Structures are given as structure tokens and as C-alpha cells.
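Dumped coords_10.cif below, it's mmCIF, C-alpha atoms and all ligand atoms:
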```cif
data_run
loop_
_atom_site.label_atom_id
_atom_site.label_comp_id
_atom_site.auth_asym_id
_atom_site.auth_seq_id
_atom_site.Cartn_x
_atom_site.Cartn_y
_atom_site.Cartn_z
CA MET A 1 -87.52 -53.22 75.69
CA THR A 2 -85.39 -55.86 77.33
CA SER A 3 -82.33 -54.72 79.16
CA ARG A 4 -80.07 -56.55 76.78
CA SER A 5 -81.23 -54.69 73.76
CA LEU A 6 -80.58 -51.40 75.59
CA ILE A 7 -76.90 -52.09 75.47
CA GLU A 8 -76.98 -53.70 72.08
CA ASP A 9 -78.77 -50.64 70.75
CA GLY A 10 -76.15 -48.43 72.34
CA LEU A 11 -73.32 -50.43 70.81
CA LEU A 12 -75.00 -50.56 67.42
CA THR A 13 -75.49 -46.81 67.39
CA GLY A 14 -71.84 -46.43 68.32
CA ILE A 15 -70.59 -48.73 65.59
CA THR A 16 -72.69 -47.20 62.86
CA SER A 17 -72.12 -43.57 63.74
CA PHE A 18 -69.44 -41.81 61.73
CA ARG A 19 -69.25 -39.01 64.30
CA ILE A 20 -68.48 -41.36 67.12
CA TRP A 21 -65.65 -42.93 65.09
CA LEU A 22 -64.25 -39.49 64.42
CA ILE A 23 -64.36 -38.65 68.11
CA LEU A 24 -62.75 -41.97 69.01
CA TYR A 25 -60.04 -41.42 66.41
CA GLY A 26 -59.28 -37.98 67.81
CA GLY A 27 -59.16 -39.45 71.30
CA LEU A 28 -56.88 -42.24 70.12
CA LEU A 29 -54.42 -39.83 68.59
CA ILE A 30 -54.19 -37.89 71.82
CA PHE A 31 -53.95 -41.08 73.82
CA ILE A 32 -51.10 -42.48 71.73
CA ASP A 33 -49.27 -39.24 71.98
CA THR A 34 -49.62 -38.97 75.73
CA VAL A 35 -48.77 -42.55 76.52
CA PHE A 36 -45.97 -43.13 74.05
CA CYS A 37 -44.73 -39.57 73.87
CA THR A 38 -44.75 -39.82 70.11
CA TYR A 39 -44.94 -37.09 67.64
CA PHE A 40 -46.22 -33.69 68.70
CA PRO A 41 -48.38 -33.01 65.62
CA THR A 42 -50.64 -35.98 66.40
CA THR A 43 -51.74 -34.23 69.57
CA VAL A 44 -52.45 -31.06 67.69
CA LEU A 45 -54.27 -32.92 64.94
CA GLY A 46 -56.23 -35.01 67.41
CA THR A 47 -57.23 -32.00 69.48
CA ILE A 48 -58.30 -30.02 66.45
CA LEU A 49 -60.27 -32.95 65.08
CA LEU A 50 -61.97 -33.62 68.39
CA THR A 51 -62.83 -30.03 69.13
CA GLY A 52 -63.94 -29.48 65.57
CA VAL A 53 -66.30 -32.42 65.60
CA LEU A 54 -67.72 -31.45 68.98
CA TRP A 55 -68.27 -27.84 67.94
CA LYS A 56 -69.73 -28.75 64.60
CA PHE A 57 -72.35 -31.12 65.96
CA ARG A 58 -73.07 -29.29 69.17
CA LEU A 59 -76.65 -28.10 69.56
CA PRO A 60 -77.46 -24.60 70.80
CA LEU A 61 -79.43 -24.11 74.00
CA ALA A 62 -83.13 -23.36 73.87
CA SER A 63 -83.95 -19.68 74.25
CA LYS A 64 -83.71 -18.15 77.69
CA ASP A 65 -87.22 -16.75 77.37
CA ASP A 66 -88.70 -20.18 76.79
CA VAL A 67 -86.64 -21.72 79.58
CA GLU A 68 -87.78 -19.02 82.01
CA GLY A 69 -91.29 -19.32 80.69
CA PHE A 70 -91.25 -22.97 81.62
CA PHE A 71 -89.22 -23.04 84.83
CA GLY A 72 -89.80 -19.53 86.12
CA VAL A 73 -86.95 -17.15 86.91
CA SER A 74 -83.52 -18.64 87.08
CA PHE A 75 -81.94 -19.15 90.46
CA ARG A 76 -78.84 -17.12 89.85
CA PRO A 77 -76.53 -15.31 92.24
CA SER A 78 -77.29 -12.09 90.40
CA LEU A 79 -80.78 -12.05 91.90
CA GLN A 80 -80.63 -9.59 94.73
CA LEU A 81 -82.98 -11.43 96.95
CA ASP A 82 -81.38 -12.58 100.11
CA ASP A 83 -81.40 -12.77 103.83
CA ASN A 84 -78.65 -13.77 106.17
CA LEU A 85 -80.34 -16.83 107.38
CA ASP A 86 -79.42 -20.02 105.69
CA PRO A 87 -80.14 -22.94 107.98
CA THR A 88 -78.00 -25.34 106.03
CA SER A 89 -74.65 -23.65 106.01
CA ASN A 90 -72.09 -21.48 107.75
CA THR A 91 -70.91 -19.92 104.52
CA PRO A 92 -71.80 -16.24 104.23
CA ILE A 93 -74.81 -15.90 102.02
CA GLN A 94 -73.05 -13.66 99.47
CA ASP A 95 -70.78 -16.54 98.51
CA GLN A 96 -73.63 -18.84 97.70
CA PRO A 97 -75.10 -19.04 94.29
CA GLY A 98 -78.80 -19.68 94.11
CA LEU A 99 -81.65 -18.26 96.09
CA THR A 100 -81.96 -18.40 99.82
CA VAL A 101 -84.92 -19.86 101.59
CA LYS A 102 -86.51 -16.50 102.22
CA SER A 103 -86.09 -15.33 98.67
CA ARG A 104 -87.69 -18.51 97.39
CA LEU A 105 -90.62 -17.98 99.66
CA LEU A 106 -90.87 -14.41 98.45
CA LEU A 107 -91.08 -15.67 94.92
CA MET A 108 -93.59 -18.31 95.88
CA ARG A 109 -95.62 -15.64 97.63
CA SER A 110 -95.91 -13.39 94.61
CA PRO A 111 -99.53 -12.50 93.78
CA PRO A 112 -101.71 -15.32 92.41
CA SER A 113 -101.92 -13.70 89.00
CA GLN A 114 -98.17 -14.14 88.70
CA LEU A 115 -98.13 -17.56 90.23
CA SER A 116 -100.40 -19.04 87.66
CA THR A 117 -98.40 -17.98 84.70
CA SER A 118 -99.41 -20.81 82.47
CA SER A 119 -101.05 -19.65 79.33
CA SER A 120 -101.14 -21.43 76.05
CA ASN A 121 -98.67 -19.10 74.45
CA GLY A 122 -96.41 -19.24 77.50
CA GLN A 123 -96.24 -15.49 77.96
CA LYS A 124 -93.82 -14.17 80.52
CA ASN A 125 -94.90 -11.63 83.01
CA GLY A 126 -91.57 -10.94 84.66
CA GLN A 127 -90.79 -7.36 85.52
CA LYS A 128 -88.12 -5.47 87.41
CA ASN A 129 -89.20 -3.72 90.52
CA GLY A 130 -86.62 -1.64 92.36
CA GLY A 131 -83.82 -3.96 91.25
CA ARG A 132 -85.70 -6.97 92.56
CA ILE A 133 -87.06 -9.40 90.10
CA VAL A 134 -90.66 -10.20 90.91
CA SER A 135 -91.41 -12.30 87.90
CA GLU A 136 -92.90 -15.75 87.78
CA ALA A 137 -92.51 -18.00 90.73
CA PRO A 138 -90.14 -20.87 90.04
CA LEU A 139 -91.74 -24.12 88.97
CA ILE A 140 -91.49 -26.30 92.05
CA VAL A 141 -93.93 -29.19 91.85
CA VAL A 142 -94.23 -31.53 88.87
CA GLY A 143 -96.82 -34.33 88.88
CA HIS A 144 -94.87 -37.49 88.04
CA ARG A 145 -96.94 -39.37 85.41
CA GLY A 146 -99.58 -36.78 86.25
CA ALA A 147 -99.24 -37.54 89.98
CA GLY A 148 -100.14 -41.21 89.51
CA LEU A 149 -101.12 -41.89 93.12
CA ASP A 150 -103.83 -39.23 93.07
CA ALA A 151 -105.39 -40.45 89.81
CA PRO A 152 -104.59 -43.21 87.26
CA GLU A 153 -101.08 -42.47 86.02
CA ASN A 154 -100.55 -40.97 82.57
CA SER A 155 -104.27 -40.28 82.12
CA LEU A 156 -106.24 -37.20 81.11
CA SER A 157 -107.96 -37.26 84.51
CA ALA A 158 -104.58 -37.13 86.21
CA ILE A 159 -103.62 -34.05 84.22
CA ARG A 160 -106.94 -32.35 85.06
CA GLU A 161 -106.60 -33.33 88.70
CA CYS A 162 -103.16 -31.71 88.84
CA LYS A 163 -104.56 -28.54 87.36
CA ASN A 164 -107.46 -28.47 89.83
CA ARG A 165 -105.08 -28.82 92.73
CA GLY A 166 -102.86 -25.96 91.63
CA CYS A 167 -99.95 -27.96 90.25
CA GLU A 168 -98.35 -26.26 87.27
CA ALA A 169 -96.65 -29.11 85.43
CA VAL A 170 -96.93 -32.83 84.73
CA GLU A 171 -94.47 -35.41 83.50
CA PHE A 172 -95.68 -38.24 81.27
CA ASP A 173 -94.28 -41.16 79.29
CA VAL A 174 -94.82 -41.82 75.63
CA ASN A 175 -94.99 -45.28 74.10
CA LEU A 176 -96.26 -46.87 70.88
CA THR A 177 -99.21 -49.10 70.06
CA LYS A 178 -99.05 -51.86 67.47
CA ASP A 179 -100.35 -49.49 64.81
CA ASN A 180 -97.62 -47.00 65.71
CA ILE A 181 -99.75 -44.42 67.50
CA PRO A 182 -97.91 -42.62 70.31
CA VAL A 183 -99.86 -43.00 73.56
CA LEU A 184 -99.23 -42.08 77.18
CA PHE A 185 -98.01 -45.24 78.82
CA HIS A 186 -95.13 -46.18 81.06
CA ASP A 187 -94.73 -49.97 81.10
CA ASP A 188 -94.44 -52.59 78.35
CA ASN A 189 -97.39 -54.44 79.76
CA LEU A 190 -100.90 -53.62 80.98
CA ILE A 191 -100.79 -55.88 84.01
CA ARG A 192 -99.75 -53.33 86.65
CA ILE A 193 -102.24 -50.69 85.53
CA ALA A 194 -105.20 -52.67 84.20
CA GLY A 195 -104.65 -56.22 85.43
CA ILE A 196 -104.45 -57.55 81.88
CA ASP A 197 -101.38 -59.45 80.80
CA ARG A 198 -100.85 -57.94 77.37
CA ASN A 199 -98.07 -55.89 75.89
CA ILE A 200 -99.18 -52.60 74.46
CA LYS A 201 -96.97 -53.03 71.42
CA ASP A 202 -99.17 -56.00 70.48
CA MET A 203 -102.38 -53.99 70.70
CA THR A 204 -103.86 -51.53 68.27
CA LEU A 205 -105.13 -48.20 69.51
CA ASP A 206 -108.72 -49.42 69.13
CA GLU A 207 -108.05 -52.43 71.34
CA LEU A 208 -106.18 -50.32 73.87
CA LYS A 209 -109.00 -47.79 74.05
CA LYS A 210 -111.29 -50.54 75.36
CA VAL A 211 -109.11 -51.07 78.43
CA ASP A 212 -110.10 -49.37 81.69
CA ILE A 213 -106.94 -48.11 83.39
CA SER A 214 -108.64 -47.22 86.66
CA ILE A 215 -108.98 -50.88 87.66
CA MET A 216 -105.84 -51.24 89.78
CA HIS A 217 -105.78 -47.71 91.11
CA PRO A 218 -106.49 -47.20 94.83
CA LEU A 219 -108.92 -44.37 94.02
CA GLY A 220 -110.19 -46.20 90.95
CA ASP A 221 -113.89 -45.70 91.79
CA ARG A 222 -113.58 -42.03 91.10
CA PHE A 223 -112.06 -42.58 87.69
CA ARG A 224 -114.04 -45.43 86.14
CA LYS A 225 -113.76 -45.93 82.37
CA GLU A 226 -110.49 -44.03 82.24
CA ARG A 227 -108.68 -44.74 78.95
CA VAL A 228 -105.09 -44.59 77.78
CA PRO A 229 -104.86 -41.21 76.04
CA THR A 230 -102.96 -40.68 72.84
CA PHE A 231 -99.99 -38.38 73.04
CA GLU A 232 -101.84 -35.85 70.94
CA GLU A 233 -104.91 -35.86 73.20
CA ALA A 234 -102.68 -35.30 76.21
CA VAL A 235 -100.79 -32.39 74.67
CA ASN A 236 -104.02 -30.79 73.47
CA LEU A 237 -105.48 -31.03 76.95
CA CYS A 238 -102.35 -29.58 78.54
CA LEU A 239 -102.32 -26.66 76.15
CA SER A 240 -106.02 -25.97 76.55
CA ILE A 241 -105.88 -25.81 80.35
CA GLY A 242 -102.44 -24.19 80.56
CA MET A 243 -100.61 -27.15 82.05
CA LYS A 244 -96.88 -27.43 81.44
CA PHE A 245 -95.55 -30.86 80.48
CA ILE A 246 -92.35 -32.88 80.56
CA ILE A 247 -92.30 -35.57 77.88
CA ASP A 248 -90.28 -38.57 78.99
CA LEU A 249 -88.87 -40.59 76.09
CA LYS A 250 -87.92 -44.18 76.88
CA ASP A 251 -86.55 -44.72 73.46
CA ASP A 252 -85.10 -42.95 70.45
CA ASP A 253 -87.86 -44.38 68.27
CA GLU A 254 -88.30 -42.39 65.06
CA THR A 255 -92.11 -42.37 65.11
CA VAL A 256 -92.25 -40.96 68.62
CA ILE A 257 -89.56 -38.38 67.95
CA ALA A 258 -91.27 -37.22 64.77
CA ALA A 259 -94.59 -36.94 66.63
CA VAL A 260 -93.01 -34.93 69.44
CA VAL A 261 -91.25 -32.52 67.13
CA SER A 262 -94.28 -32.02 64.91
CA LEU A 263 -96.57 -31.23 67.87
CA PHE A 264 -94.14 -28.59 69.13
CA GLN A 265 -93.98 -27.07 65.68
CA LYS A 266 -97.70 -27.17 65.15
CA HIS A 267 -98.54 -25.45 68.44
CA GLN A 268 -95.35 -23.41 68.82
CA CYS A 269 -95.50 -24.37 72.49
CA TYR A 270 -91.80 -24.16 73.28
CA SER A 271 -92.28 -22.64 76.71
CA MET A 272 -95.06 -25.04 77.69
CA GLY A 273 -93.32 -28.38 77.20
CA ILE A 274 -89.86 -29.92 77.42
CA VAL A 275 -88.37 -33.23 76.33
CA SER A 276 -86.48 -35.48 78.71
CA SER A 277 -84.87 -38.90 78.51
CA PHE A 278 -82.34 -41.18 80.17
CA TYR A 279 -80.83 -41.60 76.71
CA VAL A 280 -78.75 -38.81 75.39
CA LYS A 281 -79.46 -39.94 71.86
CA ALA A 282 -83.22 -39.45 72.21
CA VAL A 283 -82.77 -35.88 73.42
CA TYR A 284 -80.13 -35.23 70.78
CA ASP A 285 -82.39 -36.55 68.00
CA VAL A 286 -85.26 -34.32 69.09
CA ARG A 287 -83.15 -31.19 69.47
CA ARG A 288 -81.28 -31.80 66.23
CA ARG A 289 -84.59 -31.53 64.42
CA ASP A 290 -85.72 -28.53 66.40
CA PRO A 291 -83.24 -26.83 68.75
CA LYS A 292 -86.00 -24.56 70.02
CA ILE A 293 -87.30 -27.48 72.06
CA ILE A 294 -86.00 -27.35 75.63
CA GLY A 295 -83.73 -30.32 76.34
CA CYS A 296 -83.55 -32.23 79.61
CA MET A 297 -82.01 -35.50 80.81
CA ALA A 298 -82.93 -37.85 83.61
CA TRP A 299 -80.26 -39.53 85.65
CA ARG A 300 -79.85 -42.08 88.38
CA PRO A 301 -76.83 -44.06 89.51
CA GLY A 302 -76.32 -47.39 87.76
CA TYR A 303 -79.00 -46.94 85.12
CA TYR A 304 -77.58 -49.47 82.69
CA ARG A 305 -76.53 -51.94 85.34
CA TYR A 306 -79.56 -52.09 87.62
CA THR A 307 -83.26 -52.32 86.87
CA THR A 308 -84.14 -49.88 89.63
CA TRP A 309 -82.25 -47.83 92.11
CA SER A 310 -82.47 -47.44 95.83
CA SER A 311 -79.86 -46.22 98.26
CA ASN A 312 -79.93 -49.72 99.70
CA TRP A 313 -77.39 -51.52 97.56
CA GLU A 314 -78.36 -55.00 98.67
CA ASN A 315 -81.74 -54.81 96.99
CA LEU A 316 -80.47 -53.89 93.57
CA GLU A 317 -81.27 -56.24 90.75
CA PRO A 318 -78.80 -56.38 87.84
CA ARG A 319 -80.28 -56.07 84.36
CA GLN A 320 -77.73 -58.33 82.76
CA LYS A 321 -77.62 -62.08 83.18
CA SER A 322 -74.19 -62.70 81.70
CA LEU A 323 -71.00 -61.49 83.32
CA TYR A 324 -69.72 -59.83 80.17
CA MET A 325 -72.89 -57.91 79.61
CA ASP A 326 -72.73 -56.84 83.23
CA TRP A 327 -69.24 -55.50 82.65
CA ALA A 328 -70.41 -53.74 79.54
CA ALA A 329 -73.19 -52.19 81.60
CA ILE A 330 -70.69 -50.94 84.19
CA ILE A 331 -68.72 -49.26 81.40
CA MET A 332 -71.89 -47.80 79.89
CA ASP A 333 -72.76 -46.35 83.29
CA ALA A 334 -69.30 -44.89 83.73
CA VAL A 335 -69.49 -43.28 80.29
CA ASN A 336 -73.00 -42.01 80.95
CA ASP A 337 -72.08 -40.54 84.35
CA TRP A 338 -69.08 -38.80 82.89
CA GLY A 339 -71.10 -37.66 79.89
CA ILE A 340 -73.87 -36.11 81.98
CA ASN A 341 -71.42 -34.25 84.18
CA CYS A 342 -68.91 -33.14 81.61
CA LEU A 343 -70.23 -33.27 78.09
CA TYR A 344 -73.89 -33.86 77.35
CA TRP A 345 -75.27 -30.73 78.96
CA TRP A 346 -73.01 -28.67 76.75
CA PHE A 347 -73.10 -30.82 73.62
CA VAL A 348 -76.83 -31.57 73.55
CA GLY A 349 -77.83 -28.23 75.06
CA LEU A 350 -79.56 -29.30 78.25
CA SER A 351 -81.55 -26.73 80.19
CA ALA A 352 -82.59 -29.11 82.93
CA ILE A 353 -81.61 -32.32 84.68
CA LEU A 354 -83.87 -34.67 86.60
CA PHE A 355 -81.87 -36.39 89.34
CA GLN A 356 -82.81 -39.37 91.44
CA LYS A 357 -83.52 -37.82 94.83
CA ASP A 358 -81.08 -39.86 96.92
CA SER A 359 -78.11 -38.76 94.87
CA ILE A 360 -78.59 -35.01 95.19
CA THR A 361 -76.48 -32.83 97.40
CA ARG A 362 -76.63 -29.10 97.85
CA GLU A 363 -73.18 -28.76 96.26
CA GLU A 364 -74.38 -30.67 93.25
CA THR A 365 -77.38 -28.38 93.02
CA TYR A 366 -75.27 -25.27 93.03
CA ARG A 367 -72.88 -26.66 90.46
CA TRP A 368 -75.77 -27.12 88.03
CA MET A 369 -77.26 -23.77 88.93
CA LYS A 370 -73.98 -22.10 88.04
CA ARG A 371 -74.18 -23.76 84.64
CA ASP A 372 -77.72 -22.41 84.40
CA VAL A 373 -79.14 -25.91 84.19
CA ARG A 374 -82.28 -26.42 86.27
CA ILE A 375 -82.27 -29.43 88.51
CA TYR A 376 -85.24 -31.38 89.84
CA ALA A 377 -85.44 -34.34 92.21
CA TRP A 378 -87.49 -37.47 91.53
CA THR A 379 -89.59 -39.03 92.88
CA VAL A 380 -90.28 -37.24 96.14
CA ASN A 381 -93.43 -38.49 97.86
CA SER A 382 -93.00 -38.00 101.58
CA PRO A 383 -94.20 -34.60 102.86
CA LEU A 384 -91.14 -34.18 105.07
CA GLU A 385 -88.83 -34.97 102.19
CA LYS A 386 -90.65 -32.41 100.07
CA LEU A 387 -89.91 -29.82 102.73
CA HIS A 388 -86.31 -30.94 102.82
CA PHE A 389 -85.90 -30.50 99.09
CA VAL A 390 -87.52 -27.10 98.87
CA GLN A 391 -85.99 -25.66 101.98
CA ASN A 392 -82.60 -27.29 102.47
CA VAL A 393 -81.56 -28.33 99.01
CA GLN A 394 -83.63 -25.58 97.41
CA LEU A 395 -84.99 -27.64 94.59
CA GLY A 396 -88.25 -28.47 92.93
CA TYR A 397 -89.31 -32.08 92.59
CA LEU A 398 -91.41 -34.65 90.74
CA THR A 399 -93.98 -36.36 92.89
CA ASP A 400 -96.58 -39.12 92.63
CA SER A 401 -98.94 -37.30 94.97
CA LEU A 402 -99.67 -33.65 95.57
CA ASP A 403 -100.59 -34.38 99.18
CA GLY A 404 -98.49 -32.61 101.79
CA GLY A 405 -96.44 -30.64 99.33
CA GLU A 406 -95.65 -27.15 98.16
CA VAL A 407 -98.80 -26.73 96.14
CA ASN A 408 -100.61 -26.58 99.48
CA THR A 409 -97.85 -24.59 101.14
CA VAL A 410 -97.93 -21.90 98.49
CA ASN A 411 -101.68 -21.60 98.82
CA SER A 412 -101.51 -21.32 102.59
CA LEU A 413 -98.77 -18.71 102.35
CA GLN A 414 -100.95 -16.68 100.09
CA SER A 415 -103.87 -16.76 102.47
CA SER A 416 -101.74 -15.87 105.49
CA PRO A 417 -98.42 -14.40 104.40
CA ASN A 418 -96.96 -14.17 107.89
CA GLN A 419 -97.39 -17.77 108.72
CA LYS A 420 -94.05 -19.42 109.45
CA THR A 421 -94.66 -22.57 107.50
CA PHE A 422 -91.05 -23.58 107.18
CA SER A 423 -89.88 -22.95 110.72
CA ILE A 424 -90.05 -26.61 111.57
CA LEU A 425 -86.70 -27.49 110.04
CA ARG A 426 -84.91 -24.35 111.04
CA THR A 427 -84.68 -24.99 114.72
C1 LIG B 501 -92.24 -48.39 75.64
O1 LIG B 501 -92.04 -48.68 77.03
C2 LIG B 501 -91.05 -49.64 77.30
C3 LIG B 501 -91.05 -49.89 78.79
O2 LIG B 501 -90.87 -48.73 79.55
C4 LIG B 501 -89.71 -49.14 76.78
O3 LIG B 501 -88.73 -50.11 77.00
C5 LIG B 501 -89.83 -48.84 75.31
O4 LIG B 501 -88.62 -48.30 74.85
C6 LIG B 501 -90.97 -47.85 75.04
N1 LIG B 501 -91.12 -47.64 73.61
C7 LIG B 501 -91.10 -46.42 73.05
C8 LIG B 501 -91.29 -46.38 71.59
O5 LIG B 501 -90.89 -45.41 73.69
#
```
Please lay out the structure from this file as C-alpha cells.
Amino acid sequence: MTSRSLIEDGLLTGITSFRIWLILYGGLLIFIDTVFCTYFPTTVLGTILLTGVLWKFRLPLASKDDVEGFFGVSFRPSLQLDDNLDPTSNTPIQDQPGLTVKSRLLLMRSPPSQLSTSSSNGQKNGQKNGGRIVSEAPLIVVGHRGAGLDAPENSLSAIRECKNRGCEAVEFDVNLTKDNIPVLFHDDNLIRIAGIDRNIKDMTLDELKKVDISIMHPLGDRFRKERVPTFEEAVNLCLSIGMKFIIDLKDDDETVIAAVVSLFQKHQCYSMGIVSSFYVKAVYDVRRRDPKIIGCMAWRPGYYRYTTWSSNWENLEPRQKSLYMDWAAIIMDAVNDWGINCLYWWFVGLSAILFQKDSITREETYRWMKRDVRIYAWTVNSPLEKLHFVQNVQLGYLTDSLDGGEVNTVNSLQSSPNQKTFSILRT
């Protein structure tokens, strides 16, 4: 999709949605009243209208069992797992929500049977033991596009590779072929992945299945004849090998949403997969059809204004060519930022947030933890940064490569529990 139509789509949805007009009207009434100190009843009416609309269309959260089945135990202050050693702060540990470093490691060190909790029906094996919860280890590592540096991104091989290396979850993107079949694919075009300059929306599934997507991959030799999988093939594979999945929707396309919802309903796999998007509407549309599906949103600064994000401002490339569209994008971003922080998580029922890694602070993490929303960092590829996120910020992450990360750390802790793997950053 071009960047322009992103905004146009947004505006069009706004103009044609009765709910949004109601909300705006309520807001207007309050605004008029506050600014012009007019008639008291308008405020009351506006507030009632606004609250009413929000309550009426608000979606309930997914069940706690499913959320814990997917993410592991929640990192809540009520967990009585602590030590007095927090390398990142002077605040007494009792005042800090979330788990401490040691308690996380304890969870990560739980016996292998409990670590690999994935089963196709997503059973929980949590249990109380002397007041201490020793249930599933928290989900820490997610293979971004199936860890696309280790194997061709968004492929069945990538998913299998993740499983073989002990990673518990993958994230993948869904897109559509010309004949409207949902497939796992990230870009518009095949050039980056297969060296062919064709848009996938102009190709039928049959044509697409002839394309080898290992061609441009650095480890391509090992994965020759890899094909773009359909969404259904991918989900079936995940369920059969007990791999959890995050479905990233780039669009609120009806066909994709219907396919997502119907697969969840067919397999009843609510604790094995979640749905995520940058667009609140996509997540809302999915959860409106089936609120049992766990909702998640991705966020980065300046999503509507810039094509990509890096903490280096000078390298940012604006999406919009015209000044007015650029302004519109700034407003869209402001609305989106406010929405994520103040409204969407409650209104859409989000159980998780995927944050761009450079914009995460520990305070931010704890704020979301207190709301019981899981937070993950993307895309964390450097081994040292992985350590930083797990130890200092105390978060899981999405990564393009499982090298040098917690999957290995957890395994080494299990083989030698006394090893001080994390001491490096403490001193
Ligand atoms: C397909 O991918 C492109 C590029 O990421 C995106 O703009 C588009 O919305 C996607 N289409 C669907 C149906 O998800």
C-alpha cells in the first residue's frame, strides 16, 4: 500500500463511521462548554454520550488463562519472588512492580517440562508451591518473521528452525495474492526476498508457489526451493509442532481478517496465537468478531510520518510528498500516540504491546505491567542488547536471529544452574 492511501484510508474510515461522529459530537459538546462556558447540560449530555458510546463499543479482554497460556505468568507485583538486588535502581524492591532479575531467572530455570509448555491445546501447567508461583516461564524470545536472518523470513523452514533451536514463538506477516489467498509475506514486492521485480498482489498463488524465496538469503544454500507458505499452512505447522505465533496484520482487509478469525475458531487455538497490528482498526475488527482472540498492537514513533524509524532523526524519510499530507501525518501520529497510551488498550482490549526497542524505558515497562499489558521490544538483534532488555528493562523481545540470545542462555542455565550468566552487566 502506498503511504498516501494509509492516511486516505484512515480519513475515509473516519468519515464513514457513525461511531466516530458520535464520539466527535460528544467531544465537541464538552469543548464548546469548556471554552465558551456555555450551558451546563451540554457538558453532562456530552459526557454521557461519549462515555456511553465508548462503553457500548468497548471490547472485553481475552481470558486471563489464554493470555497466561501464551505469555507465561504475568509479571505482577503480587508474585512473591524477589531479591534485594536490582542493578538498575536505588528504589527498594518492594516498591517496584514486576519481577526482579533473580526471579526472572528462577522462572527461566524452571524444569524443562515446564519450560516447553507449548502444546496444541495450550494447556497451562502453572501450580502454586509454598506461595511461590512456579508455573510456565515467561515467553521471552519471539522469532521476528520466524527469525528471518537464520532462515528465509516468513517461511515454514524458519518456523521449524525456531522450534529446533528452542524458541517458543514466531511472528509473521500476512498478505494477499491476486486470487485472494492469504500468504505469509512482508513486502509488496518479491525483489528483496527473491530478486524478482513483481508485486505479490499481481500474482496468483500458483505463480507465487513457483518462486524460490531462499535466493537472496545469506544461508540460502541450506534452504533451496523454499516457497511462500499460505497462512493456513503456516498455522497448521505451528499448531502441529507446538509453536506459538503472532500474526501481524498490515491492513484491515476483510479477506485476511475473515481468514484469521475462522482459523482461530476452527482450531480453538486462543492460547497459541495472537493478532497484532499497527492499525487499531485491524485489531478492533478481528476482536469484534471474536473477542476470545488475544489483541496486541505494534507501535513506533512517527509511524504515519516516516517510512522507517531510527533514533537518528537525520536519516528519517517522510512518507508524504506534499506539505499538507505531512501535516496530516503529524496529526495522525499524535492521535495514534495518545490513543495507544490512553484509549486503545482499554477500548480494543489489548493484552500486549510491541514497542520499537529504542523508545522503551523501564518506567514505560512498569506502567504497562501495572495495566497487565505485556510489552515486547522489537527488533533486538545484538546479543548485548538482548541482555540489556532481559536484565535491565526486564522484557522479552522479537529478534531476527536466535544467535546470542536467551534461548541459549536458558539452556545453559539449565545445564549448570549456578553459572552466573548475567553477572557481566551487574558490576
Ligand atoms: C501487503 O503488504 C503491503 C506491504 O507491507 C501492505 O501495505 C499491505 O497492506 C498488505 N496487504 C494486506 C492485505 O495485508
key: Selected residue of minimal separation from ligand LIG 501 (chain B) among A:Asn175, A:Asn180, A:Asn392, A:Ser262, counting only C-alpha atoms and all ligand atoms   =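 Going through A:Asn175, A:Asn180, A:Asn392, A:Ser262 one by one, the smallest distance to ligand LIG 501 (chain B) is for A:Asn175.
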Considering only C-alpha atoms and all ligand atoms, give me a table of residues in chain A that are at most 12 Å from ligand LIG 501 (chain B), with the closest atom pair and distance in Å for each, as CSV.
```
residue,atom,partner,partner_atom,distance
A:Met1,CA,B:LIG501,O3,3.6
A:Thr2,CA,B:LIG501,O3,6.7
A:Ser3,CA,B:LIG501,O3,8.2
A:Arg4,CA,B:LIG501,O3,10.8
A:Ser5,CA,B:LIG501,O3,9.4
A:Leu6,CA,B:LIG501,O3,8.4
A:Asp9,CA,B:LIG501,O4,10.9
A:Phe172,CA,B:LIG501,O5,11.5
A:Asp173,CA,B:LIG501,O5,7.8
A:Val174,CA,B:LIG501,O5,5.7
A:Asn175,CA,B:LIG501,O5,4.1
A:Leu176,CA,B:LIG501,C8,5.0
A:Thr177,CA,B:LIG501,C8,8.5
A:Lys178,CA,B:LIG501,C8,10.4
A:Asp179,CA,B:LIG501,C8,11.7
A:Asn180,CA,B:LIG501,C8,8.7
A:Ile181,CA,B:LIG501,C8,9.6
A:Pro182,CA,B:LIG501,C8,7.7
A:Val183,CA,B:LIG501,O5,9.3
A:Leu184,CA,B:LIG501,C1,9.5
A:Phe185,CA,B:LIG501,O1,7.1
A:His186,CA,B:LIG501,O2,5.2
A:Asp187,CA,B:LIG501,O2,4.3
A:Asp188,CA,B:LIG501,C3,4.4
A:Asn189,CA,B:LIG501,C3,7.9
A:Leu190,CA,B:LIG501,C3,10.8
A:Asn199,CA,B:LIG501,O1,9.5
A:Ile200,CA,B:LIG501,C1,8.2
A:Lys201,CA,B:LIG501,C1,7.9
A:Asp202,CA,B:LIG501,C1,11.5
A:Phe231,CA,B:LIG501,O5,11.5
A:Ile247,CA,B:LIG501,O5,10.8
A:Asp248,CA,B:LIG501,O5,8.7
A:Leu249,CA,B:LIG501,O5,5.8
A:Lys250,CA,B:LIG501,O5,4.5
A:Asp251,CA,B:LIG501,O4,4.4
A:Asp252,CA,B:LIG501,O5,7.1
A:Asp253,CA,B:LIG501,C8,5.2
A:Glu254,CA,B:LIG501,C8,8.2
A:Thr255,CA,B:LIG501,C8,7.7
A:Val256,CA,B:LIG501,C8,6.3
A:Ile257,CA,B:LIG501,C8,9.0
A:Ala258,CA,B:LIG501,C8,11.4
A:Ala259,CA,B:LIG501,C8,11.2
A:Val260,CA,B:LIG501,O5,11.5
A:Ser276,CA,B:LIG501,O5,12.0
A:Ser277,CA,B:LIG501,O5,10.1
A:Phe278,CA,B:LIG501,O4,10.9
A:Tyr279,CA,B:LIG501,O4,10.4
A:Ala282,CA,B:LIG501,O5,9.8
A:Thr307,CA,B:LIG501,O2,11.2
```
request  = Please identify all polymer residues within 7 Å of A:Gly143, counting only C-alpha atoms, omitting same-chain residues fewer than 2 positions from it, and present them as a PyMOL selection string.
outcome  = chain A and resi 141+145-147+162+169-171+398-400
Saved selection, atoms kept: C-alpha atoms, as a PDB file, in the coordinates of the input:
```pdb
ATOM      1  CA  VAL A 141     -93.930 -29.190  91.850  1.00  0.00           C
ATOM      2  CA  ARG A 145     -96.940 -39.370  85.410  1.00  0.00           C
ATOM      3  CA  GLY A 146     -99.580 -36.780  86.250  1.00  0.00           C
ATOM      4  CA  ALA A 147     -99.240 -37.540  89.980  1.00  0.00           C
ATOM      5  CA  CYS A 162    -103.160 -31.710  88.840  1.00  0.00           C
ATOM      6  CA  ALA A 169     -96.650 -29.110  85.430  1.00  0.00           C
ATOM      7  CA  VAL A 170     -96.930 -32.830  84.730  1.00  0.00           C
ATOM      8  CA  GLU A 171     -94.470 -35.410  83.500  1.00  0.00           C
ATOM      9  CA  LEU A 398     -91.410 -34.650  90.740  1.00  0.00           C
ATOM     10  CA  THR A 399     -93.980 -36.360  92.890  1.00  0.00           C
ATOM     11  CA  ASP A 400     -96.580 -39.120  92.630  1.00  0.00           C
TER      12      ASP A 400
END
```
query = Expressed in Å to a single decimal, how great is the separation between atom CA of A:Ser351 and atom CA of A:Val228?
reply =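 Calculated distance between atom CA of A:Ser351 and atom CA of A:Val228 is 29.6 Å.
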Residue with smallest distance to A:Val73 - pool A:Tyr304, A:Leu208, A:Asp372, A:Lys357, counting all atoms listed in the file =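 Closest to A:Val73 of all the choices is A:Asp372.
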